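What follows is structure-v3.cif (mmCIF, C-alpha atoms (C1' of nucleotides)).
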data_structure
loop_
_atom_site.label_atom_id
_atom_site.label_comp_id
_atom_site.auth_asym_id
_atom_site.auth_seq_id
_atom_site.Cartn_x
_atom_site.Cartn_y
_atom_site.Cartn_z
CA MET A 1 -44.50 -48.37 13.50
CA THR A 2 -46.10 -49.15 16.82
CA VAL A 3 -44.28 -52.25 18.01
CA SER A 4 -45.67 -53.66 21.22
CA LYS A 5 -43.58 -55.56 23.69
CA THR A 6 -45.68 -58.62 24.24
CA ALA A 7 -46.52 -59.18 20.61
CA ALA A 8 -42.90 -58.78 19.60
CA VAL A 9 -42.29 -62.42 20.35
CA ASN A 10 -44.93 -63.42 17.83
CA ALA A 11 -43.39 -61.14 15.27
CA ALA A 12 -39.97 -62.58 16.00
CA LYS A 13 -41.42 -65.99 15.37
CA ALA A 14 -42.79 -64.76 12.09
CA LEU A 15 -39.46 -63.17 11.24
CA ARG A 16 -37.10 -66.07 11.48
CA LYS A 17 -36.84 -68.18 8.39
CA GLU A 18 -36.69 -71.86 9.13
CA PRO A 19 -35.12 -74.55 6.95
CA ALA A 20 -37.25 -76.02 4.18
CA ASP A 21 -37.80 -79.21 6.14
CA PRO A 22 -40.82 -80.69 7.83
CA ALA A 23 -42.59 -78.27 10.16
CA VAL A 24 -41.55 -75.21 8.23
CA ASP A 25 -43.69 -72.15 8.65
CA ASN A 26 -43.71 -71.30 4.99
CA ASP A 27 -46.61 -69.01 5.72
CA ALA A 28 -44.26 -66.41 7.14
CA LEU A 29 -44.94 -62.94 5.88
CA LEU A 30 -42.54 -61.05 3.65
CA MET A 31 -41.08 -58.00 5.29
CA GLY A 32 -40.21 -56.52 1.92
CA GLU A 33 -38.59 -53.12 1.91
CA LEU A 34 -39.52 -52.64 5.53
CA SER A 35 -36.20 -54.24 6.46
CA ASP A 36 -34.41 -51.43 4.66
CA HIS A 37 -36.11 -48.61 6.48
CA LEU A 38 -34.02 -47.20 9.28
CA GLY A 39 -37.00 -45.92 11.24
CA TYR A 40 -38.50 -49.36 11.53
CA ALA A 41 -35.26 -50.98 12.66
CA LEU A 42 -34.63 -48.10 15.03
CA LYS A 43 -38.01 -48.43 16.69
CA ARG A 44 -37.79 -52.16 17.16
CA ALA A 45 -34.24 -51.98 18.47
CA GLN A 46 -35.20 -49.22 20.87
CA LEU A 47 -38.06 -51.26 22.30
CA LYS A 48 -35.79 -54.24 22.79
CA ILE A 49 -33.17 -52.13 24.51
CA PHE A 50 -35.66 -50.49 26.86
CA GLU A 51 -37.22 -53.84 27.63
CA ASP A 52 -33.83 -55.24 28.61
CA PHE A 53 -32.98 -52.11 30.57
CA LEU A 54 -36.13 -52.52 32.64
CA ARG A 55 -35.31 -56.17 33.28
CA CYS A 56 -31.72 -55.47 34.32
CA VAL A 57 -32.60 -52.64 36.68
CA ALA A 58 -35.88 -54.16 37.90
CA PRO A 59 -34.63 -54.67 41.50
CA LEU A 60 -34.28 -50.90 41.77
CA GLN A 61 -37.60 -50.11 40.08
CA LEU A 62 -36.15 -47.49 37.76
CA THR A 63 -37.33 -46.62 34.27
CA PRO A 64 -34.87 -45.40 31.65
CA ALA A 65 -36.30 -41.90 32.07
CA GLN A 66 -35.85 -41.96 35.84
CA PHE A 67 -32.34 -43.29 35.46
CA SER A 68 -31.46 -40.47 33.09
CA VAL A 69 -32.78 -37.92 35.58
CA LEU A 70 -30.74 -39.36 38.45
CA LEU A 71 -27.63 -39.40 36.26
CA LEU A 72 -28.12 -35.79 35.27
CA LEU A 73 -28.81 -34.62 38.82
CA ASP A 74 -25.64 -36.30 39.97
CA LYS A 75 -23.51 -34.57 37.34
CA ASN A 76 -25.30 -31.24 37.66
CA PRO A 77 -26.17 -30.45 41.24
CA GLY A 78 -27.86 -27.13 41.94
CA ARG A 79 -29.90 -26.95 38.75
CA ASN A 80 -33.62 -26.28 38.68
CA GLN A 81 -36.46 -28.29 37.19
CA THR A 82 -36.61 -26.41 33.91
CA GLU A 83 -32.92 -26.91 33.20
CA ILE A 84 -32.99 -30.62 33.93
CA ALA A 85 -36.22 -31.22 32.05
CA ASN A 86 -35.10 -29.26 28.99
CA THR A 87 -31.79 -31.08 28.80
CA LEU A 88 -33.57 -34.41 28.76
CA GLY A 89 -36.25 -33.24 26.37
CA ILE A 90 -38.96 -33.64 28.98
CA LEU A 91 -41.71 -31.03 29.01
CA ARG A 92 -41.88 -29.22 32.30
CA PRO A 93 -45.51 -30.08 33.04
CA ASN A 94 -44.71 -33.76 32.63
CA PHE A 95 -41.59 -33.45 34.73
CA VAL A 96 -43.60 -32.49 37.81
CA ALA A 97 -45.21 -35.89 38.34
CA MET A 98 -41.91 -37.57 37.58
CA LEU A 99 -40.13 -35.57 40.27
CA ASP A 100 -43.00 -36.22 42.68
CA GLY A 101 -42.30 -39.92 42.25
CA LEU A 102 -38.56 -39.63 42.77
CA GLU A 103 -38.97 -37.28 45.71
CA SER A 104 -41.58 -39.47 47.41
CA ARG A 105 -39.07 -42.31 47.21
CA GLU A 106 -36.52 -39.95 48.76
CA LEU A 107 -34.14 -40.24 45.83
CA CYS A 108 -33.97 -36.47 45.35
CA VAL A 109 -35.25 -33.26 46.88
CA ARG A 110 -36.58 -29.92 45.69
CA VAL A 111 -35.17 -26.92 47.53
CA ARG A 112 -36.42 -23.39 47.01
CA SER A 113 -33.62 -21.31 45.54
CA THR A 114 -32.59 -18.29 47.58
CA ASN A 115 -31.48 -16.41 44.48
CA ASP A 116 -34.70 -16.97 42.56
CA ARG A 117 -37.54 -17.97 44.82
CA ARG A 118 -39.56 -19.21 41.89
CA SER A 119 -37.28 -22.09 41.09
CA HIS A 120 -36.60 -25.37 42.78
CA ILE A 121 -33.02 -26.51 43.07
CA LEU A 122 -32.76 -30.26 42.60
CA MET A 123 -30.35 -32.45 44.49
CA LEU A 124 -29.84 -36.15 44.93
CA THR A 125 -30.22 -37.49 48.43
CA ASP A 126 -27.73 -39.96 49.87
CA LYS A 127 -30.27 -42.65 49.12
CA GLY A 128 -30.55 -41.31 45.59
CA ARG A 129 -26.80 -41.51 45.11
CA ALA A 130 -26.76 -45.03 46.50
CA VAL A 131 -29.55 -46.16 44.20
CA LEU A 132 -27.86 -44.50 41.25
CA ALA A 133 -24.60 -46.26 42.03
CA ARG A 134 -26.33 -49.62 42.17
CA ALA A 135 -28.23 -48.83 38.98
CA LYS A 136 -25.07 -47.87 37.16
CA LYS A 137 -23.48 -51.14 38.17
CA LEU A 138 -26.47 -53.19 37.04
CA VAL A 139 -26.67 -51.36 33.73
CA ALA A 140 -22.95 -51.71 33.08
CA THR A 141 -22.58 -55.36 34.07
CA LYS A 142 -25.86 -56.72 32.75
CA HIS A 143 -27.33 -54.40 30.14
CA GLU A 144 -24.45 -52.75 28.32
CA ALA A 145 -22.23 -55.79 28.78
CA ARG A 146 -24.74 -57.93 26.95
CA LEU A 147 -24.81 -55.42 24.13
CA ASN A 148 -21.04 -55.47 23.91
CA GLU A 149 -21.21 -59.22 23.70
CA LEU A 150 -23.71 -59.08 20.86
CA LEU A 151 -22.10 -56.34 18.78
CA GLY A 152 -18.51 -56.22 19.86
CA SER A 153 -16.94 -53.21 21.48
CA ALA A 154 -15.90 -51.45 18.28
CA ASN A 155 -19.26 -51.91 16.62
CA ARG A 156 -21.07 -50.75 19.72
CA ALA A 157 -19.01 -47.57 19.74
CA ALA A 158 -19.69 -47.01 16.05
CA LEU A 159 -23.38 -47.54 16.60
CA LEU A 160 -23.43 -45.09 19.48
CA SER A 161 -21.62 -42.42 17.52
CA MET A 162 -23.96 -42.75 14.54
CA LEU A 163 -27.02 -42.53 16.73
CA ALA A 164 -25.63 -39.48 18.48
CA LYS A 165 -24.91 -37.92 15.11
CA ILE A 166 -28.48 -38.50 14.00
CA ALA A 167 -29.87 -37.12 17.24
CA VAL A 168 -27.81 -33.93 17.01
CA GLU A 169 -27.31 -33.18 13.32
CA PHE A 170 -30.32 -34.67 11.61
CA MET B 1 -35.94 -41.39 28.57
CA THR B 2 -39.01 -39.49 27.47
CA VAL B 3 -37.67 -37.13 24.85
CA SER B 4 -40.24 -34.70 23.51
CA LYS B 5 -40.07 -33.30 20.03
CA THR B 6 -40.43 -29.63 20.74
CA ALA B 7 -38.02 -29.55 23.63
CA ALA B 8 -35.43 -31.52 21.72
CA VAL B 9 -34.12 -28.36 20.17
CA ASN B 10 -33.34 -26.94 23.57
CA ALA B 11 -31.56 -30.10 24.54
CA ALA B 12 -29.60 -30.00 21.32
CA LYS B 13 -28.53 -26.50 22.23
CA ALA B 14 -27.46 -27.76 25.62
CA LEU B 15 -25.62 -30.66 24.01
CA ARG B 16 -23.19 -28.87 21.77
CA LYS B 17 -20.04 -27.66 23.38
CA GLU B 18 -18.96 -24.28 22.20
CA PRO B 19 -15.46 -22.79 22.29
CA ALA B 20 -14.37 -20.94 25.42
CA ASP B 21 -14.77 -17.56 23.77
CA PRO B 22 -17.15 -14.67 24.30
CA ALA B 23 -20.83 -15.61 24.20
CA VAL B 24 -20.22 -19.12 25.39
CA ASP B 25 -23.08 -20.78 27.17
CA ASN B 26 -20.91 -22.15 29.92
CA ASP B 27 -24.05 -22.91 31.84
CA ALA B 28 -24.67 -25.93 29.65
CA LEU B 29 -25.40 -29.04 31.62
CA LEU B 30 -23.04 -32.00 31.67
CA MET B 31 -24.48 -35.05 30.03
CA GLY B 32 -22.03 -37.27 31.87
CA GLU B 33 -22.31 -40.98 31.26
CA LEU B 34 -25.67 -40.47 29.59
CA SER B 35 -23.84 -40.01 26.31
CA ASP B 36 -22.48 -43.53 26.63
CA HIS B 37 -25.81 -45.22 27.13
CA LEU B 38 -27.14 -46.80 23.98
CA GLY B 39 -30.77 -46.60 25.07
CA TYR B 40 -30.62 -42.86 25.40
CA ALA B 41 -28.99 -42.33 22.02
CA LEU B 42 -31.38 -44.81 20.47
CA LYS B 43 -34.46 -43.04 21.78
CA ARG B 44 -33.35 -39.61 20.69
CA ALA B 45 -32.30 -40.82 17.26
CA GLN B 46 -35.60 -42.64 16.84
CA LEU B 47 -37.58 -39.50 17.64
CA LYS B 48 -35.56 -37.48 15.16
CA ILE B 49 -36.03 -40.07 12.45
CA PHE B 50 -39.79 -40.31 12.99
CA GLU B 51 -40.06 -36.55 13.07
CA ASP B 52 -38.31 -36.30 9.74
CA PHE B 53 -40.35 -39.16 8.30
CA LEU B 54 -43.56 -37.33 9.16
CA ARG B 55 -42.23 -34.15 7.55
CA CYS B 56 -41.17 -35.90 4.36
CA VAL B 57 -44.41 -37.80 3.90
CA ALA B 58 -46.67 -35.04 5.24
CA PRO B 59 -48.36 -34.43 1.87
CA LEU B 60 -49.69 -37.98 2.04
CA GLN B 61 -50.68 -37.80 5.71
CA LEU B 62 -49.07 -41.12 6.62
CA THR B 63 -47.53 -42.07 9.93
CA PRO B 64 -44.62 -44.52 10.07
CA ALA B 65 -47.01 -47.14 11.40
CA GLN B 66 -49.48 -46.63 8.58
CA PHE B 67 -46.68 -46.71 6.04
CA SER B 68 -45.45 -50.01 7.44
CA VAL B 69 -48.94 -51.47 7.16
CA LEU B 70 -49.32 -50.41 3.54
CA LEU B 71 -45.90 -51.84 2.72
CA LEU B 72 -46.78 -55.14 4.33
CA LEU B 73 -50.17 -55.38 2.66
CA ASP B 74 -48.54 -54.77 -0.70
CA LYS B 75 -46.01 -57.57 -0.22
CA ASN B 76 -48.49 -59.92 1.42
CA PRO B 77 -51.88 -59.74 -0.21
CA GLY B 78 -54.57 -62.07 1.07
CA ARG B 79 -53.53 -62.05 4.73
CA ASN B 80 -55.90 -61.36 7.59
CA GLN B 81 -55.73 -58.76 10.34
CA THR B 82 -54.13 -61.00 12.92
CA GLU B 83 -51.27 -61.96 10.64
CA ILE B 84 -50.49 -58.39 9.60
CA ALA B 85 -50.79 -57.02 13.12
CA ASN B 86 -48.61 -59.74 14.65
CA THR B 87 -45.90 -59.27 12.07
CA LEU B 88 -45.70 -55.57 12.86
CA GLY B 89 -45.94 -56.08 16.61
CA ILE B 90 -49.30 -54.35 16.77
CA LEU B 91 -51.87 -55.77 19.18
CA ARG B 92 -55.03 -56.81 17.42
CA PRO B 93 -57.37 -54.59 19.44
CA ASN B 94 -55.26 -51.57 18.51
CA PHE B 95 -55.09 -52.63 14.90
CA VAL B 96 -58.84 -52.28 14.46
CA ALA B 97 -58.94 -48.50 14.72
CA MET B 98 -55.86 -48.24 12.57
CA LEU B 99 -57.49 -50.24 9.80
CA ASP B 100 -60.68 -48.23 10.20
CA GLY B 101 -58.64 -45.16 9.37
CA LEU B 102 -56.94 -46.64 6.35
CA GLU B 103 -60.16 -48.16 5.07
CA SER B 104 -62.14 -44.95 5.50
CA ARG B 105 -59.51 -43.27 3.34
CA GLU B 106 -60.00 -46.07 0.83
CA LEU B 107 -56.38 -47.15 0.97
CA CYS B 108 -57.27 -50.74 1.77
CA VAL B 109 -60.30 -52.97 2.20
CA ARG B 110 -61.40 -55.76 4.50
CA VAL B 111 -63.00 -58.68 2.69
CA ARG B 112 -64.63 -61.57 4.50
CA SER B 113 -62.68 -64.72 3.77
CA THR B 114 -64.67 -67.50 2.10
CA ASN B 115 -62.49 -70.18 3.67
CA ASP B 116 -62.77 -68.85 7.20
CA ARG B 117 -65.67 -66.49 7.57
CA ARG B 118 -64.31 -65.18 10.85
CA SER B 119 -61.32 -63.48 9.29
CA HIS B 120 -60.94 -60.41 7.14
CA ILE B 121 -58.65 -60.61 4.17
CA LEU B 122 -56.80 -57.33 3.73
CA MET B 123 -55.98 -55.87 0.36
CA LEU B 124 -54.68 -52.56 -0.91
CA THR B 125 -56.98 -50.63 -3.17
CA ASP B 126 -55.69 -49.01 -6.33
CA LYS B 127 -55.66 -45.75 -4.43
CA GLY B 128 -53.74 -47.47 -1.65
CA ARG B 129 -51.13 -48.71 -4.11
CA ALA B 130 -50.85 -45.26 -5.64
CA VAL B 131 -50.40 -43.61 -2.25
CA LEU B 132 -47.86 -46.23 -1.25
CA ALA B 133 -45.90 -45.64 -4.44
CA ARG B 134 -45.81 -41.91 -3.82
CA ALA B 135 -44.87 -42.48 -0.17
CA LYS B 136 -42.04 -44.78 -1.13
CA LYS B 137 -40.69 -42.19 -3.50
CA LEU B 138 -40.89 -39.42 -0.90
CA VAL B 139 -39.24 -41.57 1.73
CA ALA B 140 -36.48 -42.66 -0.61
CA THR B 141 -35.69 -39.28 -2.13
CA LYS B 142 -36.15 -37.09 0.91
CA HIS B 143 -35.93 -39.11 4.09
CA GLU B 144 -33.49 -41.93 3.46
CA ALA B 145 -31.46 -39.86 1.04
CA ARG B 146 -30.85 -37.29 3.76
CA LEU B 147 -29.70 -40.04 6.07
CA ASN B 148 -27.32 -41.35 3.45
CA GLU B 149 -25.95 -37.88 3.10
CA LEU B 150 -25.38 -37.60 6.83
CA LEU B 151 -23.90 -41.02 7.49
CA GLY B 152 -22.62 -42.23 4.16
CA SER B 153 -23.95 -45.28 2.43
CA ALA B 154 -21.64 -47.79 4.07
CA ASN B 155 -22.23 -46.45 7.56
CA ARG B 156 -25.97 -46.38 7.01
CA ALA B 157 -25.88 -50.04 6.00
CA ALA B 158 -23.78 -50.92 9.04
CA LEU B 159 -26.17 -49.04 11.30
CA LEU B 160 -29.16 -50.81 9.82
CA SER B 161 -27.60 -54.22 10.22
CA MET B 162 -26.68 -53.58 13.85
CA LEU B 163 -30.16 -52.34 14.68
CA ALA B 164 -31.71 -55.36 13.00
CA LYS B 165 -29.37 -57.60 14.95
CA ILE B 166 -30.44 -56.00 18.21
CA ALA B 167 -34.11 -56.25 17.30
CA VAL B 168 -33.86 -59.95 16.48
CA GLU B 169 -31.13 -61.39 18.69
CA PHE B 170 -31.08 -59.24 21.78
"C1'" DC C 1 -73.61 -82.04 19.73
"C1'" DT C 2 -70.47 -80.31 23.12
"C1'" DT C 3 -66.33 -78.19 24.18
"C1'" DG C 4 -62.56 -75.43 23.17
"C1'" DT C 5 -60.16 -72.16 20.06
"C1'" DT C 6 -59.62 -68.42 16.88
"C1'" DT C 7 -61.01 -63.86 14.74
"C1'" DG C 8 -62.43 -59.31 14.76
"C1'" DA C 9 -64.30 -56.10 17.78
"C1'" DT C 10 -65.45 -53.31 22.04
"C1'" DA C 11 -64.54 -51.41 26.35
"C1'" DT C 12 -61.35 -49.84 29.32
"C1'" DG C 13 -57.20 -48.52 31.77
"C1'" DA C 14 -52.42 -47.12 31.97
"C1'" DT C 15 -48.76 -44.47 30.25
"C1'" DC C 16 -46.73 -40.99 27.40
"C1'" DT C 17 -46.85 -36.64 25.05
"C1'" DA C 18 -48.44 -32.00 24.32
"C1'" DT C 19 -50.82 -27.36 25.10
"C1'" DA C 20 -53.10 -23.78 27.75
"C1'" DA C 21 -53.47 -21.30 31.74
"C1'" DC C 22 -52.57 -19.76 36.55
"C1'" DA C 23 -50.14 -17.75 40.90
"C1'" DA C 24 -45.88 -16.39 42.55
"C1'" DT C 25 -41.79 -14.31 41.52
"C1'" DT C 26 -38.40 -11.90 38.87
"C1'" DA C 27 -36.85 -8.91 34.94
"C1'" DT C 28 -37.42 -4.93 31.94
"C1'" DC C 29 -37.74 -0.31 31.17
"C1'" DA C 30 -40.28 4.00 30.63
"C1'" DT D 1 -40.42 3.90 41.26
"C1'" DG D 2 -44.19 1.47 39.04
"C1'" DA D 3 -46.37 -0.76 35.15
"C1'" DT D 4 -45.62 -4.45 31.99
"C1'" DA D 5 -43.54 -8.54 30.41
"C1'" DA D 6 -41.25 -12.90 31.19
"C1'" DT D 7 -40.09 -17.05 33.90
"C1'" DT D 8 -40.94 -21.05 37.24
"C1'" DG D 9 -43.46 -24.66 39.01
"C1'" DT D 10 -47.90 -26.36 38.77
"C1'" DT D 11 -52.62 -27.92 37.41
"C1'" DA D 12 -55.86 -29.33 34.16
"C1'" DT D 13 -56.67 -31.45 30.11
"C1'" DA D 14 -56.51 -33.64 25.66
"C1'" DG D 15 -54.49 -36.81 22.44
"C1'" DA D 16 -51.77 -40.72 21.20
"C1'" DT D 17 -49.88 -45.07 22.31
"C1'" DC D 18 -49.93 -49.44 24.58
"C1'" DA D 19 -52.07 -53.27 27.08
"C1'" DT D 20 -55.69 -56.55 29.08
"C1'" DA D 21 -60.16 -58.61 29.53
"C1'" DT D 22 -64.20 -59.89 27.31
"C1'" DC D 23 -67.63 -60.83 23.72
"C1'" DA D 24 -70.19 -62.89 19.59
"C1'" DA D 25 -69.47 -65.30 15.50
"C1'" DA D 26 -67.25 -68.85 13.28
"C1'" DC D 27 -64.44 -72.80 13.16
"C1'" DA D 28 -62.12 -77.27 15.01
"C1'" DA D 29 -61.90 -81.56 17.59
"C1'" DG D 30 -63.73 -85.04 20.18
#

Take the structure in the file and give it back as structure tokens.
Amino acid sequence: MTVSKTAAVNAAKALRKEPADPAVDNDALLMGELSDHLGYALKRAQLKIFEDFLRCVAPLQLTPAQFSVLLLLDKNPGRNQTEIANTLGILRPNFVAMLDGLESRELCVRVRSTNDRRSHILMLTDKGRAVLARAKKLVATKHEARLNELLGSANRAALLSMLAKIAVEF
Amino acid sequence: MTVSKTAAVNAAKALRKEPADPAVDNDALLMGELSDHLGYALKRAQLKIFEDFLRCVAPLQLTPAQFSVLLLLDKNPGRNQTEIANTLGILRPNFVAMLDGLESRELCVRVRSTNDRRSHILMLTDKGRAVLARAKKLVATKHEARLNELLGSANRAALLSMLAKIAVEF
DNA sequence: CTTGTTTGATATGATCTATAACAATTATCA
DNA sequence: TGATAATTGTTATAGATCATATCAAACAAG
């Protein structure tokens, strides 16, 4: 699949069929059965969504992954790194650098657990909660709102439920 | 987002809510609003789909990206590297190694164009067409069929159309 | 012919993903 | 209890993916 962000605009240009008038790009390539393959559509849609997410939340300098961590820490205070990482499907070794980044920005803290002195309890800081609140607002009013506008509320819900079904049951 | 393949199973375990009976894992983390974010669901679904694609087409040793290239070459013979790469959203520098792989396996060939001796015309070999045919069959009978089974034909079509809409219009 | 552009290619860096291994700590159980 | 195994955070590392700059060869425009 391998769909890059910058080149996507070229592909989009190649995708759209223009009327058979002067200045037609009748040299557009045929997508063929590619249009019918869910994986291809899924990948391209995902890149678009992430791209827009980054744009919408750019003032806060948060990636989708970082946003998901902050959300999870907020809903699950007192958990350790392994629990958070596993829930998000992040491998623990890779989660270390990610937490280093969030902690250096003072969005969360690691605290040695008194029960199990191996593990680090993770908690949002006040600043972390504030940033998360602003991020949630940006995502809701800019990102998800735009999606609702494009698909309609009912369709968006249907889409979400099918994706969740695939993620869990497939 | 950053959802790894191997850890996804753990997350799936954490996702499902079990009845409040004996042997409940009531230490499951709360996903909170994460479940409502399309980007998150999209990423996880995409990983699952690609994972299954690789499984289904494993005997042919084809990645989704390679499959998409073969499909496009079949429908668009006589195009050069830039055209194919752009259409798939692959950057030309990265497309070189990819073609090297396919060509070394004799699935396609680069031929210097006589019109424009800078460019390489890409064509499937007979072996490439044969592999593509087998891949299509595997994908249709194993991969996409399983999706149809999970979602139903109508839902699958609706999902595909929404994803395509996002990819093009968002 | 000179200048500028396009094509395939190389080099390179950044990011993401994945595995192995280690010290510190805890759990197991003979 | 004490030896062994397992877990936690971490480091190191390798691979894959993605992106930019640059180059020589070929073409295009003036």

* Which residue out of B:Leu91, B:Leu151, B:Leu62, B:Leu160 has the minimum interatomic distance to chain C when all atoms listed in the file are used? ->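 When distances to chain C are compared using all atoms listed in the file, the smallest one comes from B:Leu91.
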
* Minimum-distance residue to DT12 in chain C, chosen among B:Thr82, B:Pro93, B:Asn148, B:Pro64 (using all atoms listed in the file) ->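 Selected residue with least distance to DT12 in chain C: B:Pro93.
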
* Reference answer for the PyMOL selection byres ((chain C and resi 15-18) around 9), as a PyMOL selection string -> (chain A and resi 91+94) or (chain B and resi 2+4) or (chain C and resi 14+19) or (chain D and resi 14-18)

* Within 12 Å of Lys137 in chain B, counting all atoms listed in the file, which residues qualify if same-chain residues fewer than 6 places away don't, as a ChimeraX atom specification? -> /B:56-57,60,130-131,143-145

* Could you tell me how far CA of Met98 in chain B lies from CA of Ala85 in chain B, in Å and to one decimal? =>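 Value for the CA of Met98 in chain B-CA of Ala85 in chain B distance: 10.2 Å.
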
Determine the residue set returned by the PyMOL selection byres ((chain B) within 8 of (chain D)) for the present structure, and present it as a CSV table (one decimal) with C-alpha atoms, in the coordinates of the input.
chain,number,residue,atom,x,y,z
B,116,ASP,CA,-62.8,-68.8,7.2
B,117,ARG,CA,-65.7,-66.5,7.6
B,118,ARG,CA,-64.3,-65.2,10.8

* Asked: In Å, with one decimal, what is the gap from CA of Ser119 in chain A to CA of Gln81 in chain A?
  ->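 Atom-to-atom, CA of Ser119 in chain A and CA of Gln81 in chain A are spaced 7.4 Å apart.
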
* Structure fact -> Among C:DT6, C:DT26, C:DC1, C:DG13, chain A is approached most closely, using all atoms listed in the file, by C:DT26

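CA of Lys75 in chain A sits 6.2 Å away from CA of Leu30 in chain B.
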
* For Arg55 in chain B, please output as a PyMOL selection string all residues within 12 Å (counting all atoms listed in the file; exclusion window: fewer than 6 positions along the same chain). => chain B and resi 48-49+61-64+135+138-139+142-143

* Identify which of the residues A:Ser153, A:Thr125, A:Ser113, A:Asn86 lies closest to chain B, counting all atoms listed in the file when measuring atom-to-atom distances. =>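 Smallest distance to chain B is found for A:Asn86.
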